[in-house]
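The block underneath contains the structure these notes are about, expressed in structure tokens.
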Amino acid sequence: MYAEIGSQWNVAELEDAAHRHLISPAEEMAKLGTSGGRPLFTSADGIYISDSQGRTLIDGPGGMWCTQVGYNSQPIADAISAQALRLCYNSPWYSINGPAAELARRIAEFAPGDLNHVFFTTGGSSAVDSALRFVQFYNNVLGRPTKKAIICRIDGYHGSTHLTAACSGRAGNRPNFDLALDNVSFISAPNVFRRPRGMSEADFLDFLVAEFENRITALGADNVGAFLAEPLLASGGILIPPKGYHRRILDICRKHDILYISDEVVTGFGRCGHWFASEEVFDIVPDIITFAKGVTSGYVPLGGFVISEAVLGRVSGENARGSFYTNGYTYSGHPVSCAAALANIDVIEKNDLLAHVREIAPYFQEQIRTLGELPLVGDVRGTGLVACVECVTDPTSEAATDFDKEVSLRVDRHCYEGGLIVRPIGNMCVLSPALIITREQIDRMIAILRDSIVRTQEEIRAENRW
Ligand SMILES: Cc1ncc(COP(=O)(O)O)c(C=O)c1O
């Protein structure tokens, strides 16, 4: 049916309609209304996606780190269709539906420790935003109205609502927007590659932990409500903190009664070989885990947070003090989204995809690290099925240069021509393919990336720019 409708569309007309009427995220305003060079994708299957020019490419970033089970899954499409016909909507403000209840039960089962209650939202930004609003609610109900500051990290990304944008520390997202920074405090990114020269990794870890503790002292523990962190900083460039970082930060949070929010919008639902990465990969049981993306493999929007009994118990039941948690959305626990998520979980389980990721990820990591031998590559890092290659033209520079970024865009363009999407984030080429990827497909992906980097090296040498 979709294919029939789609086949009647005229590509040139659609591109024209987009240029005239569509505003996209990350829109370069000088180019609004012109061809911004965005491909128009028309169909997809498995790990592959096809554009309007008839090219079929490996989707290296897996959409935006979300297409876990791959494109074109019949069971998920069937579940969406069946639920849309059975009950397409109910108001979550005064009723519940079966898929939301069952999905909450499943997520509570997957989540570590006593994280047993789930609040559903419409995506990752609304998940983190709701978790942060919960921190405010919680401390107000507890009679601690000053305990509101959120400590987060430079280079973290948590979304595009007013509050989550304020907590996102990526410099490129900030100019020309007003940010609600009153209660937001940034500490350093745990960027091992860019750590101060001459500092060992162990000393860097001590530095990061001390910086966190000193910040609490400076703000006053009575004024700090939460620490918000991705287990690995995804959009910030696959920054994996030194081993033990999260554990030590969590211990400090516990000492000062500060809530630890683990933003698993990227790492949740299999990316690192587990339903959630917080405990199994990073050795912590946080107070709140936020999720989105992989929960439906990107088929329909859904997000949410799962929260511990211990925290919830302090402001509910006999401790509620007459409060109402009035935060929510028309589409909280949307039945069609929740049905899609349940089908997605079924597909992951039936195909043993978590075990598959644990089995294949070491191969992926080993293969992508072979690119480190190329002169243009400054660093290769990753874990599970997520990794990035950082292009560095000037090893003496402490930060990525504009030329590094230009070079990565070239690598991206060559990859596209060769049949692979790598989403360049600044000077980094990021890969987080669908979890169903095979060894042969990994080989193909890395071979295209290698060729593209080599080609770029040759070009910039020929241009005498390097
Ligand atoms: C860690 C993290 N949190 C939150 C978000 C925001 O999610 P969404 O774009 O679904 O609103 C993202 C998006 O990439 C993310 O990477």
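Here's how to read the names in the structure tokens: chain A, B, ... by the order shown, residue numbers from 1 in each chain, ligand numbers from 1 in the order shown.
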
Counting only C-alpha atoms and all ligand atoms, which protein, DNA or RNA residues come within 7 Å of ligand 1, given as an mmCIF file with all heavy atoms, in the first residue's frame?
```
data_model
loop_
_atom_site.group_PDB
_atom_site.id
_atom_site.type_symbol
_atom_site.label_atom_id
_atom_site.label_comp_id
_atom_site.auth_asym_id
_atom_site.auth_seq_id
_atom_site.Cartn_x
_atom_site.Cartn_y
_atom_site.Cartn_z
ATOM 1 N N MET A 64 19.433 7.023 13.286
ATOM 2 C CA MET A 64 20.195 7.794 14.281
ATOM 3 C C MET A 64 20.326 6.905 15.504
ATOM 4 O O MET A 64 19.676 7.093 16.504
ATOM 5 C CB MET A 64 19.459 9.095 14.641
ATOM 6 C CG MET A 64 19.927 10.264 13.807
ATOM 7 S SD MET A 64 19.160 11.800 14.346
ATOM 8 C CE MET A 64 20.074 12.128 15.844
ATOM 9 N N GLY A 123 9.682 10.345 22.913
ATOM 10 C CA GLY A 123 11.001 10.233 22.300
ATOM 11 C C GLY A 123 12.053 10.496 23.361
ATOM 12 O O GLY A 123 11.737 10.569 24.565
ATOM 13 N N GLY A 124 13.291 10.666 22.926
ATOM 14 C CA GLY A 124 14.393 10.813 23.875
ATOM 15 C C GLY A 124 14.393 12.144 24.613
ATOM 16 O O GLY A 124 14.609 12.200 25.824
ATOM 17 N N SER A 125 14.135 13.244 23.882
ATOM 18 C CA SER A 125 14.144 14.563 24.533
ATOM 19 C C SER A 125 13.081 14.620 25.617
ATOM 20 O O SER A 125 13.335 15.089 26.738
ATOM 21 C CB SER A 125 13.851 15.665 23.517
ATOM 22 O OG SER A 125 14.771 15.643 22.472
ATOM 23 N N SER A 126 11.891 14.146 25.282
ATOM 24 C CA SER A 126 10.802 14.207 26.265
ATOM 25 C C SER A 126 11.063 13.230 27.413
ATOM 26 O O SER A 126 10.616 13.464 28.541
ATOM 27 C CB SER A 126 9.452 13.930 25.605
ATOM 28 O OG SER A 126 9.484 12.731 24.881
ATOM 29 N N VAL A 128 14.125 12.541 28.725
ATOM 30 C CA VAL A 128 15.081 13.198 29.637
ATOM 31 C C VAL A 128 14.413 14.395 30.305
ATOM 32 O O VAL A 128 14.563 14.624 31.510
ATOM 33 C CB VAL A 128 16.365 13.615 28.881
ATOM 34 C CG1 VAL A 128 17.344 14.292 29.829
ATOM 35 C CG2 VAL A 128 17.027 12.406 28.215
ATOM 36 N N TYR A 157 24.841 15.068 25.029
ATOM 37 C CA TYR A 157 23.636 15.468 24.287
ATOM 38 C C TYR A 157 22.434 14.783 24.910
ATOM 39 O O TYR A 157 22.433 13.562 25.113
ATOM 40 C CB TYR A 157 23.730 15.108 22.796
ATOM 41 C CG TYR A 157 22.492 15.586 22.061
ATOM 42 C CD1 TYR A 157 22.315 16.944 21.794
ATOM 43 C CD2 TYR A 157 21.471 14.714 21.702
ATOM 44 C CE1 TYR A 157 21.161 17.407 21.172
ATOM 45 C CE2 TYR A 157 20.318 15.167 21.086
ATOM 46 C CZ TYR A 157 20.174 16.513 20.819
ATOM 47 O OH TYR A 157 19.016 16.978 20.219
ATOM 48 N N HIS A 158 21.400 15.582 25.226
ATOM 49 C CA HIS A 158 20.234 15.014 25.894
ATOM 50 C C HIS A 158 18.918 15.429 25.248
ATOM 51 O O HIS A 158 17.874 15.059 25.759
ATOM 52 C CB HIS A 158 20.239 15.401 27.375
ATOM 53 C CG HIS A 158 21.457 14.929 28.095
ATOM 54 N ND1 HIS A 158 21.660 13.599 28.421
ATOM 55 C CD2 HIS A 158 22.570 15.583 28.524
ATOM 56 C CE1 HIS A 158 22.824 13.466 29.034
ATOM 57 N NE2 HIS A 158 23.409 14.646 29.110
ATOM 58 N N GLY A 159 18.970 16.218 24.172
ATOM 59 C CA GLY A 159 17.728 16.501 23.487
ATOM 60 C C GLY A 159 17.529 17.951 23.124
ATOM 61 O O GLY A 159 18.409 18.791 23.299
ATOM 62 N N SER A 160 16.326 18.243 22.635
ATOM 63 C CA SER A 160 16.026 19.567 22.084
ATOM 64 C C SER A 160 14.829 20.239 22.740
ATOM 65 O O SER A 160 14.244 21.128 22.137
ATOM 66 C CB SER A 160 15.783 19.447 20.578
ATOM 67 O OG SER A 160 17.000 19.535 19.895
ATOM 68 N N GLU A 230 25.079 10.361 29.839
ATOM 69 C CA GLU A 230 25.028 9.188 28.958
ATOM 70 C C GLU A 230 26.137 8.237 29.425
ATOM 71 O O GLU A 230 27.244 8.707 29.744
ATOM 72 C CB GLU A 230 25.348 9.584 27.524
ATOM 73 C CG GLU A 230 24.418 10.608 26.908
ATOM 74 C CD GLU A 230 25.093 11.301 25.722
ATOM 75 O OE1 GLU A 230 25.103 10.724 24.637
ATOM 76 O OE2 GLU A 230 25.604 12.419 25.896
ATOM 77 N N ALA A 234 27.413 9.818 23.142
ATOM 78 C CA ALA A 234 27.233 9.362 21.768
ATOM 79 C C ALA A 234 27.458 10.502 20.765
ATOM 80 O O ALA A 234 28.474 10.530 20.067
ATOM 81 C CB ALA A 234 25.854 8.742 21.626
ATOM 82 N N SER A 235 26.545 11.458 20.745
ATOM 83 C CA SER A 235 26.676 12.561 19.778
ATOM 84 C C SER A 235 27.941 13.373 20.029
ATOM 85 O O SER A 235 28.453 14.033 19.119
ATOM 86 C CB SER A 235 25.470 13.496 19.864
ATOM 87 O OG SER A 235 24.291 12.770 19.689
ATOM 88 N N ASP A 263 21.295 8.385 30.959
ATOM 89 C CA ASP A 263 20.570 8.598 29.704
ATOM 90 C C ASP A 263 20.976 7.509 28.709
ATOM 91 O O ASP A 263 22.003 7.608 28.039
ATOM 92 C CB ASP A 263 20.887 10.003 29.167
ATOM 93 C CG ASP A 263 20.121 10.303 27.880
ATOM 94 O OD1 ASP A 263 19.390 9.412 27.408
ATOM 95 O OD2 ASP A 263 20.259 11.424 27.361
ATOM 96 N N GLU A 264 20.111 6.490 28.633
ATOM 97 C CA GLU A 264 20.402 5.337 27.760
ATOM 98 C C GLU A 264 19.609 5.402 26.456
ATOM 99 O O GLU A 264 19.263 4.367 25.886
ATOM 100 C CB GLU A 264 20.118 4.036 28.514
ATOM 101 C CG GLU A 264 21.069 3.768 29.664
ATOM 102 C CD GLU A 264 21.589 2.336 29.652
ATOM 103 O OE1 GLU A 264 21.788 1.764 28.551
ATOM 104 O OE2 GLU A 264 21.777 1.790 30.744
ATOM 105 N N VAL A 265 19.338 6.613 26.009
ATOM 106 C CA VAL A 265 18.587 6.757 24.753
ATOM 107 C C VAL A 265 19.341 6.083 23.598
ATOM 108 O O VAL A 265 18.730 5.472 22.723
ATOM 109 C CB VAL A 265 18.307 8.258 24.474
ATOM 110 C CG1 VAL A 265 17.871 8.495 23.045
ATOM 111 C CG2 VAL A 265 17.236 8.758 25.441
ATOM 112 N N VAL A 266 20.661 6.124 23.638
ATOM 113 C CA VAL A 266 21.450 5.454 22.590
ATOM 114 C C VAL A 266 21.856 4.044 23.011
ATOM 115 O O VAL A 266 21.767 3.097 22.230
ATOM 116 C CB VAL A 266 22.700 6.293 22.236
ATOM 117 C CG1 VAL A 266 23.688 5.500 21.379
ATOM 118 C CG2 VAL A 266 22.289 7.560 21.501
ATOM 119 N N ALA A 292 14.737 5.520 24.581
ATOM 120 C CA ALA A 292 13.917 5.904 23.401
ATOM 121 C C ALA A 292 14.453 5.071 22.224
ATOM 122 O O ALA A 292 14.793 3.898 22.414
ATOM 123 C CB ALA A 292 14.000 7.402 23.128
ATOM 124 N N LYS A 293 14.575 5.665 21.078
ATOM 125 C CA LYS A 293 15.212 5.069 19.889
ATOM 126 C C LYS A 293 14.995 3.553 19.749
ATOM 127 O O LYS A 293 14.004 3.111 19.202
ATOM 128 C CB LYS A 293 16.700 5.390 19.881
ATOM 129 C CG LYS A 293 16.981 6.896 19.787
ATOM 130 C CD LYS A 293 18.432 7.191 19.552
ATOM 131 C CE LYS A 293 18.781 8.654 19.660
ATOM 132 N NZ LYS A 293 18.588 9.432 18.466
#
```

Which residues, written as a ChimeraX atom specification, have at least one atom at most 8 Å from segment 418-430 of chain A, with only C-alpha atoms counted and residues fewer than 5 positions away on the same chain left out? /A:55-61,235-238,386-392,400,404-409,412,445,448-449,452

Export of prior selection with C-alpha atoms as a PDB file, in the first residue's frame:
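again-v3.pdb written:
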```
ATOM      1  CA  ARG A  55      21.418   3.899  -4.761  1.00  0.00           C
ATOM      2  CA  THR A  56      21.299   1.303  -2.009  1.00  0.00           C
ATOM      3  CA  LEU A  57      23.624   1.941   0.915  1.00  0.00           C
ATOM      4  CA  ILE A  58      24.608   0.329   4.181  1.00  0.00           C
ATOM      5  CA  ASP A  59      23.061   2.496   6.863  1.00  0.00           C
ATOM      6  CA  GLY A  60      26.169   2.887   9.042  1.00  0.00           C
ATOM      7  CA  PRO A  61      24.611   4.993  11.814  1.00  0.00           C
ATOM      8  CA  SER A 235      26.676  12.561  19.778  1.00  0.00           C
ATOM      9  CA  GLY A 236      29.694  14.028  21.570  1.00  0.00           C
ATOM     10  CA  GLY A 237      31.857  11.532  19.653  1.00  0.00           C
ATOM     11  CA  ILE A 238      31.570   8.089  21.274  1.00  0.00           C
ATOM     12  CA  VAL A 386      28.971   1.662  18.212  1.00  0.00           C
ATOM     13  CA  ALA A 387      32.278   3.192  17.203  1.00  0.00           C
ATOM     14  CA  CYS A 388      33.833   6.266  15.685  1.00  0.00           C
ATOM     15  CA  VAL A 389      36.879   7.207  13.681  1.00  0.00           C
ATOM     16  CA  GLU A 390      38.273  10.632  14.505  1.00  0.00           C
ATOM     17  CA  CYS A 391      40.077  12.380  11.633  1.00  0.00           C
ATOM     18  CA  VAL A 392      43.000  14.523  12.757  1.00  0.00           C
ATOM     19  CA  ALA A 400      39.482  19.396  16.194  1.00  0.00           C
ATOM     20  CA  ASP A 404      39.539  18.154  10.289  1.00  0.00           C
ATOM     21  CA  LYS A 405      35.797  18.698   9.921  1.00  0.00           C
ATOM     22  CA  GLU A 406      36.054  19.435   6.215  1.00  0.00           C
ATOM     23  CA  VAL A 407      38.102  16.285   5.772  1.00  0.00           C
ATOM     24  CA  SER A 408      35.503  14.169   7.567  1.00  0.00           C
ATOM     25  CA  LEU A 409      32.812  15.541   5.309  1.00  0.00           C
ATOM     26  CA  ASP A 412      31.500  10.892   4.331  1.00  0.00           C
ATOM     27  CA  MET A 445      31.425  -1.412   5.819  1.00  0.00           C
ATOM     28  CA  ILE A 448      34.336   1.264   2.168  1.00  0.00           C
ATOM     29  CA  LEU A 449      35.375   3.472   5.075  1.00  0.00           C
ATOM     30  CA  SER A 452      37.202   6.619   1.518  1.00  0.00           C
TER      31      SER A 452
END
```

Hey, what does DSSP flag as strand (DSSP E or B) within segment 170-416 of chain A? Can you give it to me as JSON, numbers by chain? {"A": [184, 185, 186, 187, 224, 225, 226, 227, 228, 229, 233, 239, 259, 260, 261, 262, 263, 288, 289, 290, 291, 303, 304, 305, 306, 307, 308, 377, 378, 379, 380, 381, 382, 383, 386, 387, 388, 389, 390, 391]}

Based on the selection just made, write C-alpha atoms of those residues as a compact mmCIF listing (two decimals), in the first residue's frame.
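Below you can see out34.txt, which holds the result:
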```txt
# COMPACT_ATOMS: atom_id res chain seq x y z
CA VAL A 184 22.62 23.69 35.02
CA SER A 185 26.29 23.15 35.77
CA PHE A 186 28.77 21.61 33.36
CA ILE A 187 31.82 19.51 34.16
CA VAL A 224 22.27 19.81 43.66
CA GLY A 225 19.37 17.61 42.53
CA ALA A 226 20.81 15.32 39.87
CA PHE A 227 23.73 14.17 37.82
CA LEU A 228 22.71 13.53 34.20
CA ALA A 229 24.98 11.42 32.00
CA LEU A 233 28.71 10.23 25.14
CA LEU A 239 33.42 9.18 24.40
CA LEU A 259 19.83 11.43 41.88
CA TYR A 260 21.83 9.72 39.13
CA ILE A 261 20.07 9.78 35.74
CA SER A 262 21.62 7.46 33.18
CA ASP A 263 20.57 8.60 29.70
CA ILE A 288 16.60 6.66 36.71
CA ILE A 289 17.30 5.33 33.21
CA THR A 290 15.94 7.17 30.19
CA PHE A 291 15.34 5.31 26.92
CA GLY A 303 10.59 7.10 24.85
CA GLY A 304 10.40 7.05 28.59
CA PHE A 305 12.15 6.58 31.86
CA VAL A 306 12.31 3.77 34.36
CA ILE A 307 12.78 4.75 37.99
CA SER A 308 13.69 3.00 41.21
CA VAL A 377 43.06 8.76 11.67
CA GLY A 378 43.80 10.24 15.09
CA ASP A 379 41.74 7.85 17.19
CA VAL A 380 39.34 4.94 16.84
CA ARG A 381 37.10 4.08 19.78
CA GLY A 382 33.90 2.31 20.60
CA THR A 383 32.21 -0.50 22.43
CA VAL A 386 28.97 1.66 18.21
CA ALA A 387 32.28 3.19 17.20
CA CYS A 388 33.83 6.27 15.68
CA VAL A 389 36.88 7.21 13.68
CA GLU A 390 38.27 10.63 14.51
CA CYS A 391 40.08 12.38 11.63
```

9 Å contact set for Val135 of chain A, only C-alpha atoms, chain neighbours under 3 positions out, as a list in words: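 My list of contacting residues is Ser130, Ala131, Leu132, Tyr138, Asn139, Asn140, Lys147, Lys148, Gly225, Ala226 and Leu259 of chain A.
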
Go ahead and save the picked residues with all heavy atoms, as a PDB file, in the first residue's frame.
```
ATOM      1  N   SER A 130      11.325  14.786  31.036  1.00  0.00           N
ATOM      2  CA  SER A 130      10.418  14.299  32.098  1.00  0.00           C
ATOM      3  C   SER A 130      11.203  13.823  33.314  1.00  0.00           C
ATOM      4  O   SER A 130      10.775  14.038  34.451  1.00  0.00           O
ATOM      5  CB  SER A 130       9.545  13.154  31.566  1.00  0.00           C
ATOM      6  OG  SER A 130       8.542  13.670  30.740  1.00  0.00           O
ATOM      7  N   ALA A 131      12.329  13.183  33.075  1.00  0.00           N
ATOM      8  CA  ALA A 131      13.152  12.727  34.211  1.00  0.00           C
ATOM      9  C   ALA A 131      13.648  13.941  35.001  1.00  0.00           C
ATOM     10  O   ALA A 131      13.643  13.940  36.243  1.00  0.00           O
ATOM     11  CB  ALA A 131      14.325  11.893  33.708  1.00  0.00           C
ATOM     12  N   LEU A 132      14.040  15.001  34.294  1.00  0.00           N
ATOM     13  CA  LEU A 132      14.532  16.206  34.979  1.00  0.00           C
ATOM     14  C   LEU A 132      13.397  16.914  35.718  1.00  0.00           C
ATOM     15  O   LEU A 132      13.575  17.415  36.825  1.00  0.00           O
ATOM     16  CB  LEU A 132      15.186  17.153  33.968  1.00  0.00           C
ATOM     17  CG  LEU A 132      16.466  16.610  33.320  1.00  0.00           C
ATOM     18  CD1 LEU A 132      16.962  17.556  32.232  1.00  0.00           C
ATOM     19  CD2 LEU A 132      17.560  16.396  34.367  1.00  0.00           C
ATOM     20  N   TYR A 138      10.222  15.912  42.790  1.00  0.00           N
ATOM     21  CA  TYR A 138      10.689  15.093  43.916  1.00  0.00           C
ATOM     22  C   TYR A 138      11.210  15.979  45.053  1.00  0.00           C
ATOM     23  O   TYR A 138      10.803  15.855  46.211  1.00  0.00           O
ATOM     24  CB  TYR A 138      11.770  14.190  43.348  1.00  0.00           C
ATOM     25  CG  TYR A 138      12.574  13.315  44.263  1.00  0.00           C
ATOM     26  CD1 TYR A 138      12.043  12.127  44.755  1.00  0.00           C
ATOM     27  CD2 TYR A 138      13.902  13.628  44.561  1.00  0.00           C
ATOM     28  CE1 TYR A 138      12.821  11.286  45.545  1.00  0.00           C
ATOM     29  CE2 TYR A 138      14.675  12.797  45.345  1.00  0.00           C
ATOM     30  CZ  TYR A 138      14.133  11.627  45.832  1.00  0.00           C
ATOM     31  OH  TYR A 138      14.899  10.788  46.601  1.00  0.00           O
ATOM     32  N   ASN A 139      12.085  16.903  44.693  1.00  0.00           N
ATOM     33  CA  ASN A 139      12.677  17.728  45.746  1.00  0.00           C
ATOM     34  C   ASN A 139      11.693  18.753  46.303  1.00  0.00           C
ATOM     35  O   ASN A 139      11.775  19.096  47.485  1.00  0.00           O
ATOM     36  CB  ASN A 139      13.969  18.381  45.247  1.00  0.00           C
ATOM     37  CG  ASN A 139      15.106  17.374  45.255  1.00  0.00           C
ATOM     38  OD1 ASN A 139      15.376  16.743  46.266  1.00  0.00           O
ATOM     39  ND2 ASN A 139      15.740  17.174  44.106  1.00  0.00           N
ATOM     40  N   ASN A 140      10.747  19.182  45.492  1.00  0.00           N
ATOM     41  CA  ASN A 140       9.708  20.073  46.032  1.00  0.00           C
ATOM     42  C   ASN A 140       8.830  19.308  47.019  1.00  0.00           C
ATOM     43  O   ASN A 140       8.520  19.803  48.104  1.00  0.00           O
ATOM     44  CB  ASN A 140       8.859  20.654  44.901  1.00  0.00           C
ATOM     45  CG  ASN A 140       9.617  21.735  44.134  1.00  0.00           C
ATOM     46  OD1 ASN A 140      10.519  22.362  44.674  1.00  0.00           O
ATOM     47  ND2 ASN A 140       9.259  21.938  42.876  1.00  0.00           N
ATOM     48  N   LYS A 147      17.178  22.146  46.086  1.00  0.00           N
ATOM     49  CA  LYS A 147      18.000  21.023  45.590  1.00  0.00           C
ATOM     50  C   LYS A 147      17.645  20.732  44.131  1.00  0.00           C
ATOM     51  O   LYS A 147      17.010  19.713  43.812  1.00  0.00           O
ATOM     52  CB  LYS A 147      17.788  19.800  46.490  1.00  0.00           C
ATOM     53  CG  LYS A 147      18.946  18.796  46.450  1.00  0.00           C
ATOM     54  CD  LYS A 147      18.843  17.796  47.582  1.00  0.00           C
ATOM     55  CE  LYS A 147      19.810  16.625  47.414  1.00  0.00           C
ATOM     56  NZ  LYS A 147      21.232  16.982  47.400  1.00  0.00           N
ATOM     57  N   LYS A 148      18.064  21.611  43.242  1.00  0.00           N
ATOM     58  CA  LYS A 148      17.575  21.556  41.861  1.00  0.00           C
ATOM     59  C   LYS A 148      18.671  21.541  40.803  1.00  0.00           C
ATOM     60  O   LYS A 148      18.381  21.284  39.638  1.00  0.00           O
ATOM     61  CB  LYS A 148      16.687  22.784  41.579  1.00  0.00           C
ATOM     62  CG  LYS A 148      15.456  22.916  42.458  1.00  0.00           C
ATOM     63  CD  LYS A 148      14.395  21.963  42.048  1.00  0.00           C
ATOM     64  CE  LYS A 148      13.221  21.983  43.013  1.00  0.00           C
ATOM     65  NZ  LYS A 148      12.680  23.329  43.253  1.00  0.00           N
ATOM     66  N   GLY A 225      20.431  18.621  42.600  1.00  0.00           N
ATOM     67  CA  GLY A 225      19.374  17.608  42.528  1.00  0.00           C
ATOM     68  C   GLY A 225      19.778  16.354  41.788  1.00  0.00           C
ATOM     69  O   GLY A 225      19.389  15.245  42.158  1.00  0.00           O
ATOM     70  N   ALA A 226      20.554  16.507  40.702  1.00  0.00           N
ATOM     71  CA  ALA A 226      20.814  15.323  39.866  1.00  0.00           C
ATOM     72  C   ALA A 226      22.113  15.446  39.090  1.00  0.00           C
ATOM     73  O   ALA A 226      22.592  16.545  38.802  1.00  0.00           O
ATOM     74  CB  ALA A 226      19.660  15.122  38.882  1.00  0.00           C
ATOM     75  N   LEU A 259      20.318  12.495  42.759  1.00  0.00           N
ATOM     76  CA  LEU A 259      19.828  11.432  41.876  1.00  0.00           C
ATOM     77  C   LEU A 259      20.760  11.278  40.670  1.00  0.00           C
ATOM     78  O   LEU A 259      21.245  12.263  40.110  1.00  0.00           O
ATOM     79  CB  LEU A 259      18.410  11.741  41.393  1.00  0.00           C
ATOM     80  CG  LEU A 259      17.330  11.765  42.482  1.00  0.00           C
ATOM     81  CD1 LEU A 259      15.963  12.042  41.861  1.00  0.00           C
ATOM     82  CD2 LEU A 259      17.299  10.456  43.259  1.00  0.00           C
TER      83      LEU A 259
END
```

How many Å lie between atom CA of Phe177 of chain A and atom CA of Leu163 of chain A, rounded to one decimal?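 So the answer is 12.0 Å.
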
Interatomic distance, atom CA of Gly273 of chain A to atom CA of Ile360 of chain A (Å, one decimal):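 Going from atom CA of Gly273 of chain A over to atom CA of Ile360 of chain A covers 9.5 Å.
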
Have a look at atom CA of Gln68 of chain A and atom CA of Gly294 of chain A and let me know their distance in Å, one decimal.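 These atoms are spaced 5.7 Å apart.
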
Taking only C-alpha atoms into account, name the residue in A:Arg314, A:Arg247, A:His117, A:His21 that is nearest to Ala104 of chain A.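 Result for the nearest residue to Ala104 of chain A: A:His117.
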
Compare A:Ile47, A:Ala18, A:Ile240, A:Ala100 by their minimum atom-to-atom distance to Leu302 of chain A, counting only C-alpha atoms, and give me the closest one.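 Ranking A:Ile47, A:Ala18, A:Ile240, A:Ala100 by distance to Leu302 of chain A, first place goes to A:Ala100.
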
Would you please give, as an NGL selection string, all residues of segment 33-152 of chain A that DSSP assigns to helix (DSSP H, G or I) based on the backbone? :A and (62-65 or 74-86 or 98-110 or 124-141)

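Using only C-alpha atoms, the nearest neighbour of Val192 of chain A within the list A:Arg144, A:Pro242, A:Val311, A:Leu179 is A:Pro242.
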